[in-house]
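Report on one structure; see the data block that follows.
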Amino acid sequence: MIYFIIRRLIMTVFLLLLVSMITFAIFFLVPRLAGQTAYQLAAQYVGRNPIPSEIKAVEVKLGLNAPLYLQYGRYIKGIVAGIHYNNGTDISYCPFPCFGYSFRNQQPVWPQLISDAPVTLSIAVGAAVLWLIGGVSIGVLSALRRGSFFDRLSMGVALAGVSLPVFFTGLIALELFSYHWPIFPNVHYVPITENPLLWARNLILPWVTLAFLYAALYARLTRAGMLETMGEDYIRTARAKGLAERKVVVKHGLRAALTPIVTIFGLDLGLLLGGAILTETTFSFPGLGQFTILAIQNQDLPEIMGVVMIASFFIVIANMIVDILYAVVDPRVRF
Amino acid sequence: MAPLLEVSDLRIHFQTDDGLVRAVDGVSFVLERGRTLGIVGESGSGKSVSSMGIMGLHEGTKARITGEIRLDGEELVNASPARVRELRGSKMAMIFQDPLSSLHPYYTVGHQIIEAYRVHNKVSKKVARKHAIDLLGRVGIPTPETRVDDYAHQFSGGMRQRAMIAMALSCDPELLIADEPTTALDVTVQAQILDLISDLQSELGSAVIIITHDLGVVAELSDDILVMYAGRVAEYGSAADIFGRPDHPYTWGLLSSMPRLDQDRTTRLVPIPGTPPSLIRVPSGCPFHPRCRYTELVGGRRCETEVPPLREAVTPGHTAACHLTADQRTRQWAELPASRLADDAQAPEAKDPEAREPV
């Protein structure tokens, strides 16, 4: 097990390196192949009406005129150890982990990512708890009362949940519960450290909106899984022992049906941690998702690179945790 | 004292989209303590459905059960589900066909036995665990104190079935139902498992129902045999009667289609023509008539129109549902090659291991 984790961690590093190479190639190599010069790239850093000498200075400082492999080396070095930028006259230090400077505000990318991450984390984790509990329990009840009114109703709602995009349900929720009946007025992000109560209160609408989408998916998954496992021979054995039906369902049925749910859950959560783009945009929460949108709108390459790296980091780690959990859940899986 | 298990006119019907399935249609039998009943029949003849009915495992499905099931005098068909659940696993236990799929893949074998024991006995986990190790040892699992923590997939096929038996025996049931306990096992292991069941039976004095389509298995273990066809009883009698002097053309067919080692190798096996009927459209009259060679002897299309009642034949307690007269049956059976083999081999001695065919 320990070896497995170590092996996976080493693989994670290589995987992230690969991701960084590919994104670096897309954003720096391809434009250069298309004829963009270091001068043009440097011009991005310097306001509206740049003076050529200023641009030149930036070009030298950030090493944009160096060969690409050197630039990539510097980029990685910055991430791992931090880096000094030197243009001959002044030296600025970008501390570890340095993802470069953003074009927009010429600040290092990392601190911005760090300050936006808690917003996304709040949204994603809270919604995940909601949809896991809601989706799985609705799925189990649906499976047990297959064909009943409850089953039909919940699967109908689930179909709607899967089909309706967050920006639709989110706006409806805002209109109804924030404007029409102001139960949650003035929804905006408040850090948990500032006011935990307000934090939770303002997050309820985003949580429910996001959880609705995923809970629908999970209810359907759980229902399908439960229908399958409840037909298994070991369920009959459990009943033949004289176990109470509730125990048969939860301990013997649900336990086995949960395995695929665990897998999907890890990946979904990992993906969301990289930015709940639609939810954050709908509710104007300044998380990684909004950061991503802004970075792309501004064609801010270092920011895009940074957010891609963070998102892939979350997904790779989530994958690893899922693999470990798999072994915990299913004893037939061994490393 | 009342017999341990008394089933009378048991009917289990399922309402499906295609129509009413009469999976079990009027089955009666009696099982005394310490005796073994073999239920034989082709797939879909209602063997498993009846046994699940006795265990109350149709609870919550769309099955409609009528008739009477008396376990130790207690009526079960109309008993509350909670009461049946109480009896299930304690007074009556069941082992199933495929031990790998019947054991939960995510829990250790020991955990599952402990669970079965603790449902009906208020004991600590530690005591239950000791009991589980004990049981595993008794069913012949080597080093049970370590194997108790293994999962089903770490056991071999035979060991899994031994573990299932250990689980079924955890509360010393008075009735043990074995539903095709050896079908999924290879031949050498089959014999071991059957030995184990009969050893444990004589040790505990339980009554056993063994369900199978393998006549060799029932020949080895059973005192009485119930031959089922299309959800009904075709023939019911002692093992000696059924093998020595079978009274139903279906049983003749089963015996003729069974290969035997003491048989001349040039003799061809005689299969029963046709296939078992659909339980939604059970043939009118005798359900076996479309496959029966002897309908003309009965004449008057009685086989197609009239359901033959279970009638006692020559020996008391030996009944068969057939329109043929006793004379006709004696004559027809004597003409079949299988009858000569039965005479040669004599009626098998159920409890005598020497009489078993070598495997």
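By convention in this document, the chains of the structure tokens carry letters A, B, ... by their order, each chain's residues are numbered from 1, and ligands are numbered from 1 in the order they are shown.
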I'd like the neighbourhood of Leu204 (chain B) as a PDB file with C-alpha atoms, in the first residue's frame, where a residue qualifies if any of its atoms comes within 12 Å (using only C-alpha atoms), though same-chain residues fewer than 6 positions away should be ignored.
ATOM      1  CA  ARG B  33     -36.327 -35.138  11.765  1.00  0.00           C
ATOM      2  CA  GLY B  34     -33.060 -36.755  10.772  1.00  0.00           C
ATOM      3  CA  ARG B  35     -34.307 -37.672   7.316  1.00  0.00           C
ATOM      4  CA  LEU B 169     -25.076 -24.450  10.510  1.00  0.00           C
ATOM      5  CA  SER B 170     -24.085 -21.532  12.741  1.00  0.00           C
ATOM      6  CA  CYS B 171     -27.345 -21.645  14.691  1.00  0.00           C
ATOM      7  CA  ASP B 172     -27.824 -25.437  14.638  1.00  0.00           C
ATOM      8  CA  PRO B 173     -30.832 -25.405  12.306  1.00  0.00           C
ATOM      9  CA  GLU B 174     -33.311 -28.229  12.496  1.00  0.00           C
ATOM     10  CA  LEU B 175     -34.000 -27.937   8.802  1.00  0.00           C
ATOM     11  CA  LEU B 176     -31.248 -27.509   6.235  1.00  0.00           C
ATOM     12  CA  LEU B 196     -19.862 -33.439   4.692  1.00  0.00           C
ATOM     13  CA  ILE B 197     -23.576 -32.710   4.511  1.00  0.00           C
ATOM     14  CA  SER B 198     -24.526 -36.261   5.413  1.00  0.00           C
TER      15      SER B 198
END
Determine, using only C-alpha atoms, which residues of chain A have any atom at most 12 Å from an atom of chain B, and tabulate each with its shortest atom pair and distance in Å to one decimal place, rows ordered by chain and then rising number, as JSON lines.
{"residue": "A:Leu144", "atom": "CA", "partner": "B:Gly60", "partner_atom": "CA", "distance": 10.2}
{"residue": "A:Arg145", "atom": "CA", "partner": "B:Gly60", "partner_atom": "CA", "distance": 10.6}
{"residue": "A:Arg146", "atom": "CA", "partner": "B:Thr61", "partner_atom": "CA", "distance": 11.6}
{"residue": "A:Thr229", "atom": "CA", "partner": "B:His104", "partner_atom": "CA", "distance": 10.5}
{"residue": "A:Met230", "atom": "CA", "partner": "B:His104", "partner_atom": "CA", "distance": 11.8}
{"residue": "A:Gly231", "atom": "CA", "partner": "B:Ser101", "partner_atom": "CA", "distance": 10.9}
{"residue": "A:Glu232", "atom": "CA", "partner": "B:Ser101", "partner_atom": "CA", "distance": 7.2}
{"residue": "A:Asp233", "atom": "CA", "partner": "B:Ser102", "partner_atom": "CA", "distance": 4.6}
{"residue": "A:Tyr234", "atom": "CA", "partner": "B:Ser102", "partner_atom": "CA", "distance": 4.1}
{"residue": "A:Ile235", "atom": "CA", "partner": "B:Ser102", "partner_atom": "CA", "distance": 7.6}
{"residue": "A:Arg236", "atom": "CA", "partner": "B:Ser102", "partner_atom": "CA", "distance": 7.5}
{"residue": "A:Thr237", "atom": "CA", "partner": "B:Ser102", "partner_atom": "CA", "distance": 5.9}
{"residue": "A:Ala238", "atom": "CA", "partner": "B:Ala116", "partner_atom": "CA", "distance": 8.1}
{"residue": "A:Arg239", "atom": "CA", "partner": "B:Leu57", "partner_atom": "CA", "distance": 7.2}
{"residue": "A:Ala240", "atom": "CA", "partner": "B:Gly89", "partner_atom": "CA", "distance": 5.9}
{"residue": "A:Lys241", "atom": "CA", "partner": "B:Gly89", "partner_atom": "CA", "distance": 4.2}
{"residue": "A:Gly242", "atom": "CA", "partner": "B:Arg85", "partner_atom": "CA", "distance": 4.8}
{"residue": "A:Leu243", "atom": "CA", "partner": "B:Val119", "partner_atom": "CA", "distance": 6.4}
{"residue": "A:Ala244", "atom": "CA", "partner": "B:Arg85", "partner_atom": "CA", "distance": 7.6}
{"residue": "A:Glu245", "atom": "CA", "partner": "B:Arg85", "partner_atom": "CA", "distance": 9.4}
{"residue": "A:Lys247", "atom": "CA", "partner": "B:Val119", "partner_atom": "CA", "distance": 10.7}
{"residue": "A:Val248", "atom": "CA", "partner": "B:His104", "partner_atom": "CA", "distance": 11.2}
{"residue": "A:Lys251", "atom": "CA", "partner": "B:Tyr107", "partner_atom": "CA", "distance": 9.9}
{"residue": "A:His252", "atom": "CA", "partner": "B:His104", "partner_atom": "CA", "distance": 7.3}
{"residue": "A:Gly253", "atom": "CA", "partner": "B:His104", "partner_atom": "CA", "distance": 9.5}
{"residue": "A:Leu254", "atom": "CA", "partner": "B:Tyr106", "partner_atom": "CA", "distance": 11.3}
{"residue": "A:Arg255", "atom": "CA", "partner": "B:Tyr106", "partner_atom": "CA", "distance": 8.0}
{"residue": "A:Ala256", "atom": "CA", "partner": "B:Tyr106", "partner_atom": "CA", "distance": 7.3}
{"residue": "A:Ala257", "atom": "CA", "partner": "B:Tyr106", "partner_atom": "CA", "distance": 11.1}
{"residue": "A:Leu258", "atom": "CA", "partner": "B:Tyr106", "partner_atom": "CA", "distance": 11.4}
{"residue": "A:Thr259", "atom": "CA", "partner": "B:Tyr106", "partner_atom": "CA", "distance": 10.4}
{"residue": "A:Tyr326", "atom": "CA", "partner": "B:Tyr106", "partner_atom": "CA", "distance": 11.3}
{"residue": "A:Ala327", "atom": "CA", "partner": "B:Tyr106", "partner_atom": "CA", "distance": 10.4}
{"residue": "A:Val328", "atom": "CA", "partner": "B:Tyr106", "partner_atom": "CA", "distance": 9.6}
{"residue": "A:Val329", "atom": "CA", "partner": "B:Tyr106", "partner_atom": "CA", "distance": 7.3}
{"residue": "A:Asp330", "atom": "CA", "partner": "B:Tyr106", "partner_atom": "CA", "distance": 5.6}
{"residue": "A:Pro331", "atom": "CA", "partner": "B:Tyr106", "partner_atom": "CA", "distance": 5.9}
{"residue": "A:Arg332", "atom": "CA", "partner": "B:His153", "partner_atom": "CA", "distance": 7.2}
{"residue": "A:Val333", "atom": "CA", "partner": "B:Tyr106", "partner_atom": "CA", "distance": 10.2}
task = Please provide the set of residues having any atom within 9 Å of Ser50 (chain B), restricted to only C-alpha atoms, with same-chain residues fewer than 4 positions apart removed, written as a list in words.
result =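 Listed by chain and then number, they are Leu10, Arg11, Ile12, Ala23, Val24, Val27, Gly46, Ile54, Met55 and Gly231 of chain B.
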Residues near region 267-282 of chain A, anyone? I mean within 10 Å using only C-alpha atoms, not counting same-chain ones fewer than 3 positions away, as number ranges by chain.
A: 116-125, 127-128, 165-171, 174, 189, 205-207, 209-210, 214, 262-264, 285-293, 307-322
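Minimum atom-to-atom distance to Thr251 (chain B), evaluated using only C-alpha atoms, belongs to B:Val227 out of B:Val227, B:Ala166, B:Leu136, B:Ala79.
Among the residues of region 56-245 of chain A, backbone DSSP assigns strand (DSSP E or B) to Ile83, His84, Tyr85, Asn86, Ile91, Ser92, Tyr93, Cys94, Tyr101 and Pro108 of chain A.
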Atoms kept (N, CA and C atoms) for selection, written as a PDB file, in the first residue's frame:
ATOM      1  N   ILE A  83      12.292  32.044  -8.329  1.00  0.00           N
ATOM      2  CA  ILE A  83      13.264  32.499  -9.329  1.00  0.00           C
ATOM      3  C   ILE A  83      13.515  34.003  -9.174  1.00  0.00           C
ATOM      4  N   HIS A  84      14.748  34.411  -9.509  1.00  0.00           N
ATOM      5  CA  HIS A  84      15.097  35.837  -9.538  1.00  0.00           C
ATOM      6  C   HIS A  84      14.993  36.330 -10.961  1.00  0.00           C
ATOM      7  N   TYR A  85      14.310  37.452 -11.140  1.00  0.00           N
ATOM      8  CA  TYR A  85      14.287  38.083 -12.459  1.00  0.00           C
ATOM      9  C   TYR A  85      15.234  39.267 -12.425  1.00  0.00           C
ATOM     10  N   ASN A  86      16.134  39.319 -13.414  1.00  0.00           N
ATOM     11  CA  ASN A  86      17.204  40.306 -13.391  1.00  0.00           C
ATOM     12  C   ASN A  86      17.271  40.990 -14.747  1.00  0.00           C
ATOM     13  N   ILE A  91      16.627  43.671  -9.580  1.00  0.00           N
ATOM     14  CA  ILE A  91      16.337  42.247  -9.438  1.00  0.00           C
ATOM     15  C   ILE A  91      15.038  42.107  -8.671  1.00  0.00           C
ATOM     16  N   SER A  92      14.086  41.347  -9.236  1.00  0.00           N
ATOM     17  CA  SER A  92      12.894  41.064  -8.439  1.00  0.00           C
ATOM     18  C   SER A  92      12.820  39.556  -8.215  1.00  0.00           C
ATOM     19  N   TYR A  93      12.342  39.182  -7.031  1.00  0.00           N
ATOM     20  CA  TYR A  93      12.303  37.767  -6.679  1.00  0.00           C
ATOM     21  C   TYR A  93      10.858  37.279  -6.683  1.00  0.00           C
ATOM     22  N   CYS A  94      10.637  36.214  -7.407  1.00  0.00           N
ATOM     23  CA  CYS A  94       9.304  35.592  -7.410  1.00  0.00           C
ATOM     24  C   CYS A  94       9.439  34.307  -6.622  1.00  0.00           C
ATOM     25  N   TYR A 101       4.427  35.891 -13.926  1.00  0.00           N
ATOM     26  CA  TYR A 101       3.655  37.106 -13.660  1.00  0.00           C
ATOM     27  C   TYR A 101       2.480  37.188 -14.608  1.00  0.00           C
ATOM     28  N   PRO A 108       2.579  38.287  -9.395  1.00  0.00           N
ATOM     29  CA  PRO A 108       2.816  36.850  -9.527  1.00  0.00           C
ATOM     30  C   PRO A 108       1.476  36.109  -9.541  1.00  0.00           C
TER      31      PRO A 108
END
Could you name the residues that touch Thr23 (chain A) at 12 Å or less, counting only C-alpha atoms, but leaving out those on the same chain fewer than 2 positions away, as a PyMOL selection string? chain A and resi 16-21+25-30+72+75+301-309+312
Contacts of Tyr250 (chain B) within 9 Å, only C-alpha atoms, excl. fewer than 6 positions in-chain, as a list in words:
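Close residues of Tyr250 (chain B): Val227, Tyr229, Ala234, Glu235, Ile272, Phe288, Arg291 and Cys292 of chain B.
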Saved selection, atoms kept: C-alpha atoms, as a tab-separated table (two decimals), in the first residue's frame:
chain	number	residue	atom	x	y	z
B	227	VAL	CA	-39.82	-35.81	-8.50
B	229	TYR	CA	-42.39	-31.61	-13.20
B	234	ALA	CA	-44.83	-36.30	-10.62
B	235	GLU	CA	-43.78	-38.97	-8.18
B	272	ILE	CA	-36.52	-37.46	-22.82
B	288	PHE	CA	-45.92	-34.28	-19.14
B	291	ARG	CA	-43.30	-35.59	-24.05
B	292	CYS	CA	-44.75	-38.89	-22.90
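In this model, the gap between CA of Leu159 (chain A) and CA of Leu221 (chain A) comes to 11.9 Å.
Rounded to one decimal, CA of Ser206 (chain B) and CA of Ala321 (chain B) lie 29.4 Å from each other.
Using only C-alpha atoms, the protein and nucleic acid residues lying no more than 8 Å from Ile69 (chain B), apart from those fewer than 3 places from it along its own chain, are Leu5, Glu6, Val7, Ser8, Leu10, Ile54, Glu74, Glu75, Leu76 and Val77 of chain B.
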